[in-house]
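S.K.: my_file-v2.txt (compact mmCIF, C-alpha atoms) pasted underneath:
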```
# COMPACT_ATOMS: atom_id res chain seq x y z
CA MET A 247 -65.94 -25.53 -63.29
CA ASN A 248 -68.37 -25.87 -60.39
CA ASP A 249 -68.48 -23.28 -57.62
CA TRP A 250 -69.43 -26.02 -55.16
CA ILE A 251 -67.79 -29.16 -53.78
CA ALA A 252 -69.45 -32.56 -54.15
CA MET A 253 -69.62 -34.48 -50.88
CA THR A 254 -71.45 -37.58 -49.71
CA VAL A 255 -73.46 -38.71 -46.71
CA THR A 256 -72.60 -42.38 -46.41
CA GLY A 257 -75.61 -44.65 -46.22
CA GLU A 258 -76.40 -47.10 -43.46
CA GLY A 259 -79.18 -49.32 -44.71
CA ARG A 260 -79.70 -47.08 -47.72
CA ARG A 261 -77.64 -45.70 -50.58
CA ASP A 262 -75.30 -42.73 -50.19
CA LEU A 263 -76.76 -39.23 -50.48
CA ALA A 264 -75.13 -36.45 -52.48
CA LEU A 265 -74.43 -32.95 -51.19
CA ASP A 266 -73.33 -29.84 -53.08
CA VAL A 267 -71.42 -27.67 -50.61
CA PHE A 268 -71.01 -23.95 -51.28
CA HIS A 269 -68.37 -22.28 -49.12
CA PRO A 270 -68.51 -18.59 -48.16
CA ALA A 271 -67.21 -16.29 -50.83
CA GLY A 272 -65.69 -13.97 -48.21
CA GLU A 273 -65.65 -13.86 -44.43
CA ALA A 274 -67.46 -16.84 -42.92
CA ASN A 275 -70.03 -16.34 -40.16
CA GLY A 276 -69.83 -19.86 -38.73
CA ALA A 277 -73.34 -20.96 -39.74
CA ALA A 278 -74.52 -23.65 -42.17
CA VAL A 279 -77.82 -23.80 -44.05
CA ILE A 280 -79.06 -27.11 -45.47
CA LEU A 281 -81.27 -26.49 -48.50
CA LEU A 282 -84.11 -28.88 -49.41
CA HIS A 283 -85.72 -28.75 -52.84
CA GLY A 284 -89.39 -29.12 -53.70
CA GLY A 285 -91.14 -31.31 -56.24
CA GLY A 286 -94.05 -32.96 -54.47
CA TRP A 287 -91.76 -35.45 -52.72
CA ALA A 288 -91.61 -37.45 -55.96
CA ARG A 289 -89.62 -35.15 -58.25
CA GLY A 290 -86.99 -32.45 -58.11
CA HIS A 291 -83.25 -32.19 -57.66
CA ARG A 292 -80.94 -30.46 -55.21
CA SER A 293 -79.59 -28.27 -58.04
CA ALA A 294 -82.88 -26.33 -57.90
CA THR A 295 -81.59 -24.72 -54.70
CA HIS A 296 -78.23 -23.61 -56.10
CA GLY A 297 -79.38 -20.02 -56.63
CA TYR A 298 -80.35 -19.74 -52.96
CA ALA A 299 -77.09 -21.43 -51.96
CA ARG A 300 -75.02 -18.87 -53.87
CA ALA A 301 -76.86 -16.01 -52.17
CA LEU A 302 -76.18 -17.56 -48.77
CA ALA A 303 -72.51 -18.22 -49.54
CA ALA A 304 -72.08 -14.61 -50.65
CA ALA A 305 -73.37 -13.58 -47.21
CA GLY A 306 -70.91 -15.77 -45.30
CA PHE A 307 -72.85 -19.00 -44.84
CA VAL A 308 -71.83 -22.54 -45.70
CA ALA A 309 -74.76 -23.55 -47.93
CA ILE A 310 -75.49 -27.22 -48.59
CA ALA A 311 -77.84 -28.34 -51.36
CA ALA A 312 -78.96 -31.71 -50.05
CA GLU A 313 -80.33 -34.81 -51.72
CA TYR A 314 -83.09 -36.92 -50.21
CA ARG A 315 -84.65 -40.05 -51.68
CA LEU A 316 -87.84 -39.43 -53.63
CA LEU A 317 -91.07 -41.37 -53.17
CA GLY A 318 -90.45 -43.60 -56.19
CA GLU A 319 -87.38 -44.93 -54.43
CA ALA A 320 -88.39 -44.87 -50.77
CA ALA A 321 -91.74 -44.45 -49.03
CA PHE A 322 -92.36 -41.64 -46.57
CA PRO A 323 -90.99 -40.99 -43.93
CA ALA A 324 -87.64 -42.18 -45.35
CA GLN A 325 -87.10 -38.60 -46.56
CA VAL A 326 -87.23 -37.32 -42.98
CA ASP A 327 -84.58 -39.81 -41.97
CA ASP A 328 -82.40 -38.82 -44.94
CA ILE A 329 -82.43 -35.20 -43.81
CA ARG A 330 -81.69 -36.19 -40.23
CA ASP A 331 -78.67 -38.09 -41.53
CA THR A 332 -77.54 -34.98 -43.40
CA VAL A 333 -77.87 -32.87 -40.24
CA ARG A 334 -75.81 -35.46 -38.35
CA TRP A 335 -73.21 -35.40 -41.15
CA VAL A 336 -72.94 -31.60 -40.98
CA ARG A 337 -72.53 -31.77 -37.21
CA ALA A 338 -69.86 -34.45 -37.51
CA HIS A 339 -67.97 -32.38 -40.10
CA ALA A 340 -68.38 -29.04 -38.34
CA GLU A 341 -64.64 -28.53 -37.90
CA GLU A 342 -63.91 -29.35 -41.54
CA LEU A 343 -66.72 -27.03 -42.69
CA ARG A 344 -65.60 -24.35 -40.20
CA ILE A 345 -69.02 -23.95 -38.71
CA ASP A 346 -70.55 -23.97 -35.25
CA PRO A 347 -72.65 -27.15 -34.89
CA ASP A 348 -75.13 -25.10 -32.87
CA MET A 349 -75.71 -22.78 -35.84
CA ILE A 350 -77.23 -25.15 -38.40
CA ALA A 351 -80.46 -24.26 -40.19
CA LEU A 352 -82.83 -26.07 -42.52
CA GLN A 353 -84.29 -24.13 -45.44
CA GLY A 354 -86.90 -25.93 -47.52
CA TYR A 355 -89.17 -25.23 -50.46
CA SER A 356 -92.62 -26.80 -50.82
CA ALA A 357 -92.04 -30.52 -50.16
CA GLY A 358 -88.62 -29.59 -48.81
CA GLY A 359 -90.22 -27.06 -46.46
CA HIS A 360 -92.59 -29.74 -45.21
CA LEU A 361 -89.68 -32.09 -44.55
CA ALA A 362 -87.71 -29.37 -42.76
CA LEU A 363 -90.66 -28.80 -40.43
CA MET A 364 -91.05 -32.53 -39.83
CA VAL A 365 -87.39 -32.85 -38.87
CA SER A 366 -87.45 -29.82 -36.58
CA GLY A 367 -90.76 -30.79 -34.99
CA THR A 368 -89.47 -34.22 -33.98
CA GLN A 369 -85.90 -33.32 -33.05
CA PRO A 370 -84.38 -34.10 -29.63
CA GLY A 371 -86.18 -32.22 -26.87
CA SER A 372 -89.38 -31.88 -28.88
CA GLY A 373 -91.38 -34.48 -27.02
CA HIS A 374 -92.14 -36.05 -30.41
CA GLU A 375 -88.98 -38.11 -30.78
CA GLY A 376 -89.64 -41.47 -32.40
CA LYS A 377 -93.10 -40.55 -33.71
CA VAL A 378 -91.92 -40.18 -37.32
CA GLY A 379 -89.36 -42.48 -38.90
CA GLY A 380 -86.29 -43.65 -37.05
CA THR A 381 -84.15 -41.99 -34.43
CA SER A 382 -83.86 -38.23 -34.20
CA ASP A 383 -80.71 -38.36 -32.06
CA GLY A 384 -78.14 -35.78 -33.11
CA SER A 385 -80.43 -34.12 -35.66
CA GLY A 386 -81.21 -30.89 -33.85
CA VAL A 387 -81.15 -27.60 -35.78
CA ALA A 388 -81.23 -24.01 -34.54
CA ALA A 389 -83.47 -22.43 -37.19
CA VAL A 390 -85.84 -23.26 -40.03
CA VAL A 391 -86.98 -21.27 -43.05
CA SER A 392 -90.05 -22.89 -44.60
CA PHE A 393 -91.29 -21.74 -48.00
CA PHE A 394 -94.91 -22.65 -48.89
CA ALA A 395 -94.83 -25.95 -47.00
CA ALA A 396 -97.74 -28.35 -46.63
CA ALA A 397 -98.51 -27.63 -42.99
CA ARG A 398 -101.82 -29.37 -42.37
CA LEU A 399 -102.52 -32.34 -44.61
CA ASP A 400 -105.49 -33.52 -42.54
CA SER A 401 -107.71 -30.50 -43.24
CA ASP A 402 -109.10 -31.66 -46.60
CA PRO A 403 -110.17 -35.32 -47.06
CA GLU A 404 -110.53 -34.87 -50.82
CA ALA A 405 -107.06 -33.38 -51.34
CA ILE A 406 -105.26 -36.33 -49.78
CA GLU A 407 -106.77 -38.60 -52.42
CA MET A 408 -105.04 -36.63 -55.19
CA PRO A 409 -101.40 -36.21 -56.21
CA PRO A 410 -98.99 -35.43 -54.69
CA PHE A 411 -100.50 -36.16 -51.28
CA ALA A 412 -101.87 -39.59 -52.20
CA ALA A 413 -98.37 -40.81 -53.02
CA LEU A 414 -96.93 -39.32 -49.83
CA LEU A 415 -99.57 -40.94 -47.61
CA ASN A 416 -99.59 -44.23 -49.55
CA GLY A 417 -103.28 -44.90 -48.98
CA GLY A 418 -103.15 -44.20 -45.26
CA GLY A 419 -106.10 -41.84 -45.22
CA MET A 420 -106.74 -39.17 -42.60
CA GLU A 421 -104.75 -40.94 -39.90
CA ALA A 422 -101.65 -40.89 -42.10
CA ALA A 423 -102.40 -37.30 -43.10
CA ARG A 424 -102.43 -36.20 -39.48
CA ALA A 425 -99.19 -38.09 -38.77
CA ALA A 426 -97.53 -36.30 -41.72
CA SER A 427 -98.75 -32.81 -40.77
CA PRO A 428 -96.03 -30.53 -39.32
CA VAL A 429 -98.60 -28.40 -37.50
CA HIS A 430 -99.13 -31.22 -34.99
CA TYR A 431 -95.44 -31.38 -34.04
CA VAL A 432 -94.84 -27.73 -33.16
CA ASN A 433 -93.67 -27.48 -29.56
CA ALA A 434 -92.09 -25.07 -27.09
CA ALA A 435 -88.62 -26.30 -28.05
CA SER A 436 -89.17 -25.84 -31.80
CA PRO A 437 -86.29 -23.93 -33.37
CA THR A 438 -86.79 -20.34 -34.48
CA THR A 439 -88.88 -20.61 -37.64
CA PHE A 440 -89.61 -18.27 -40.55
CA ILE A 441 -92.81 -19.18 -42.44
CA ILE A 442 -92.95 -17.75 -45.97
CA GLY A 443 -95.69 -18.10 -48.57
CA GLY A 444 -97.89 -16.32 -51.08
CA THR A 445 -101.49 -15.27 -50.65
CA ALA A 446 -102.34 -16.50 -54.16
CA ASP A 447 -100.88 -19.97 -53.59
CA PHE A 448 -103.79 -22.39 -54.04
CA MET A 449 -101.54 -25.34 -53.14
CA GLN A 450 -100.54 -24.01 -49.72
CA PRO A 451 -103.09 -21.27 -49.00
CA LEU A 452 -102.95 -18.54 -46.42
CA ASP A 453 -105.30 -20.39 -44.06
CA ALA A 454 -102.84 -23.29 -43.82
CA GLY A 455 -99.99 -20.91 -43.15
CA LEU A 456 -102.00 -19.18 -40.43
CA ASP A 457 -102.74 -22.55 -38.80
CA LEU A 458 -99.01 -23.16 -38.63
CA LEU A 459 -98.37 -19.68 -37.23
CA ARG A 460 -101.03 -20.18 -34.55
CA ALA A 461 -99.43 -23.48 -33.52
CA TYR A 462 -96.09 -21.74 -32.93
CA VAL A 463 -97.70 -18.91 -30.99
CA ALA A 464 -99.71 -21.35 -28.85
CA ALA A 465 -96.58 -23.37 -28.10
CA GLY A 466 -94.60 -20.25 -27.17
CA ALA A 467 -92.00 -20.97 -29.84
CA GLU A 468 -90.14 -18.29 -31.79
CA VAL A 469 -91.76 -17.65 -35.17
CA GLU A 470 -91.90 -15.08 -37.95
CA PHE A 471 -94.43 -15.01 -40.76
CA HIS A 472 -94.51 -13.39 -44.18
CA TYR A 473 -97.13 -14.24 -46.78
CA LEU A 474 -96.54 -12.01 -49.80
CA HIS A 475 -99.58 -10.46 -51.43
CA SER A 476 -100.60 -11.96 -54.84
CA GLN A 477 -97.66 -14.38 -54.96
CA THR A 478 -98.17 -18.01 -56.04
CA HIS A 479 -96.44 -21.30 -55.32
CA GLU A 480 -92.66 -21.24 -55.95
CA PHE A 481 -92.78 -17.45 -56.49
CA CYS A 482 -89.31 -16.99 -54.99
CA ALA A 483 -87.55 -18.82 -57.83
CA THR A 484 -88.05 -16.00 -60.33
CA PRO A 485 -84.99 -13.81 -61.06
CA SER A 486 -86.72 -10.62 -59.89
CA VAL A 487 -87.75 -12.07 -56.54
CA LEU A 488 -84.91 -14.40 -55.54
CA PRO A 489 -82.38 -11.70 -54.50
CA ALA A 490 -84.96 -9.70 -52.54
CA ILE A 491 -86.42 -12.67 -50.67
CA MET A 492 -82.94 -13.98 -49.86
CA ASP A 493 -82.03 -10.60 -48.40
CA GLU A 494 -85.00 -11.06 -46.06
CA VAL A 495 -84.00 -14.63 -45.21
CA ILE A 496 -80.39 -13.62 -44.54
CA PHE A 497 -81.61 -10.79 -42.29
CA PHE A 498 -83.66 -13.37 -40.37
CA TYR A 499 -80.60 -15.58 -39.90
CA ARG A 500 -78.50 -12.62 -38.76
CA ARG A 501 -81.08 -11.56 -36.16
CA THR A 502 -81.84 -15.04 -34.82
CA LEU A 503 -78.77 -17.17 -35.50
CA THR A 504 -75.44 -15.49 -36.23
CA GLU A 505 -75.76 -12.03 -34.63
CA ARG A 506 -78.64 -12.37 -32.18
CA ARG A 507 -76.79 -10.91 -29.19
CA ALA A 508 -75.51 -7.93 -31.17
CA PHE A 509 -79.02 -7.06 -32.35
CA GLU A 510 -80.42 -7.46 -28.82
CA ASP A 511 -77.69 -5.29 -27.28
CA GLU A 512 -78.13 -2.59 -29.92
CA ALA A 513 -81.88 -2.52 -29.33
CA LYS A 514 -81.44 -2.17 -25.57
CA ASP A 515 -78.97 0.67 -26.08
CA LEU A 516 -80.97 2.65 -28.63
CA ASN A 517 -84.64 1.64 -28.39
CA PRO A 518 -86.42 2.36 -25.07
CA PHE A 519 -89.22 -0.05 -25.98
CA ALA A 520 -86.70 -2.90 -26.04
CA ARG A 521 -85.93 -2.37 -22.34
CA VAL A 522 -89.47 -3.05 -21.12
CA SER A 523 -92.00 -5.81 -21.69
CA SER A 524 -95.30 -4.03 -20.99
CA PHE A 525 -97.02 -0.67 -21.19
CA ALA A 526 -96.96 -0.44 -17.40
CA GLU A 527 -93.18 -0.92 -17.34
CA LEU A 528 -92.82 1.74 -20.02
CA MET A 529 -94.88 4.24 -18.03
CA ALA A 530 -92.84 3.54 -14.90
CA ALA A 531 -89.61 4.01 -16.80
CA ILE A 532 -90.53 7.38 -18.29
CA THR A 533 -92.43 8.85 -15.35
CA PRO A 534 -90.27 11.23 -13.26
CA GLY A 535 -89.79 10.38 -9.61
```
Take the structure in this file and express it as structure tokens.
M.R.:
Amino acid sequence: MNDWIAMTVTGEGRRDLALDVFHPAGEANGAAVILLHGGGWARGHRSATHGYARALAAAGFVAIAAEYRLLGEAAFPAQVDDIRDTVRWVRAHAEELRIDPDMIALQGYSAGGHLALMVSGTQPGSGHEGKVGGTSDGSGVAAVVSFFAAARLDSDPEAIEMPPFAALLNGGGMEAARAASPVHYVNAASPTTFIIGGTADFMQPLDAGLDLLRAYVAAGAEVEFHYLHSQTHEFCATPSVLPAIMDEVIFFYRRTLTERRAFEDEAKDLNPFARVSSFAELMAAITPG
């Protein structure tokens, strides 16, 4: 017997998309996380994210393992539009799912992380609406967790001629690579984002992750960054790592999505550094008279 419920995003101009919905095991926190699998955009299955979904459900989240069409079925950026449709579906079914439509997150792995960043970077209010795929109306999310995503496809002309990037870009060269690079869509309205990777990942190296981090900092968007020493691509799928990394991800969601105000209030009550924004303010606050 499955511990998830099969649901469907009805297609308009495309086939229906399958969802595996994991409901909270205990008290719900009102948030939903849409999980996007990896596989180089051409392979993979939503079931690869079930382990992460179970960890999220155990922590009170509605976790949704989502399907998107692979490259053999639909050319990029159809995958971006599929995920937008899933976000719209979750918003439309917020009451049924018992979630707050303003507390929806995207969590993607490798190709799925890339797609999550593309959706969030072009969502309403981004200034990039309409630049990738169809309409972004109604597809806004509040947070993103991106695991070892392809952030800057236009940094290596040789790489884009090889799989899996050649299939994604469909012969479009550097112009297509730039258009498919999430780093170029980061903006001040980007949702709070957690960038995760491994320093030994030759597919999505540290330099690419740092480029993405710098884009968020330059835009003034909220961002966190953790590249784990000596870890390779897809490191988080191993049984020894999955629980620990999901604890970190869940802590991120608690601080930025479900319990942000509580954490802020606690810090202001107990941490004097949280009450000031500069060294000068700190000195003024602690100097008598």
S.K.: I'd like to know which of A:Val391, A:Ala435, A:Ala513, A:Ala520 is closest to Pro370 in chain A, using only C-alpha atoms.
M.R.: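 That would be A:Ala435, the residue with the smallest distance to Pro370 in chain A.
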S.K.: CA of Arg398 in chain A and CA of Asp457 in chain A are how many Å apart?
M.R.: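 Separation of CA of Arg398 in chain A and CA of Asp457 in chain A: 7.8 Å.
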S.K.: So the first atom is CA of Arg315 in chain A and the second is CA of Ala299 in chain A; what is the distance between them in Å, to one decimal place?
M.R.: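 Spanning CA of Arg315 in chain A to CA of Ala299 in chain A is a straight-line distance of 20.1 Å.
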S.K.: Of the candidates A:Ala274, A:Leu452, A:Ala389, A:Leu302, which one gets nearest to Glu468 in chain A if we count all atoms listed in the file?
M.R.: A:Ala389
S.K.: Considering all atoms listed in the file, can you say which of A:Pro437, A:Pro518, A:Pro485, A:Pro451 comes closest to Ala465 in chain A?
M.R.: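 Distance minimum relative to Ala465 in chain A lands on A:Pro437.
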S.K.: Can you pull out every residue within 8 Å of Gly276 in chain A, counting only C-alpha atoms, but drop anything in the same chain fewer than 6 positions away, and send it as a ChimeraX atom specification?
M.R.: /A:306-308,344-346,349,504
S.K.: For Arg330 in chain A, work out the shell of residues within 7 Å, counting all atoms listed in the file and skipping chain neighbours fewer than 4 positions away, then give it as a list in words.
M.R.: Val326, Arg334, Val365, Ser382 and Ser385 of chain A
S.K.: If you measure from CA of Phe268 in chain A to CA of Ala294 in chain A, what distance in Å do you get, rounded to one decimal?
M.R.: 13.8 Å
S.K.: With only C-alpha atoms as the atoms that count, which of A:Met449, A:Leu516, A:Leu458, A:Val279 lies nearest to Pro409 in chain A?
M.R.: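 Smallest separation from Pro409 in chain A among the options: A:Met449.
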S.K.: Which residue, A:Ile310, A:Ala320, A:Val390, A:Ala508, has the smallest gap to Gly259 in chain A when you use all atoms listed in the file?
M.R.: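 Using all atoms listed in the file, the shortest distance to Gly259 in chain A belongs to A:Ala320.
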S.K.: Fewer than 2 positions away in the same chain doesn't count, so skip those; otherwise give me all residues within 6 Å of range 413-428 of chain A, counting only C-alpha atoms, as a list in words.
M.R.: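 Near neighbours after the sequence-gap exclusion: Leu363, Met364, Ala397, Arg398, Leu399, Asp400, Pro410, Phe411, His430 and Tyr431 of chain A.
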S.K.: Of the candidates A:Ser523, A:Gln450, A:Asn275, A:Thr332, which shows the shortest atom-to-atom distance to Ala357 in chain A, using all atoms listed in the file?
M.R.: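 Distance minimum relative to Ala357 in chain A lands on A:Gln450.
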S.K.: Can you tell me, as a PyMOL selection string, which residues sit within 12 Å of (-83.7, -24.0, -32.4) in the file's frame, using all atoms listed in the file?
M.R.: chain A and resi 347-352+363+365-372+385-391+432-440+467-469+499+502-503
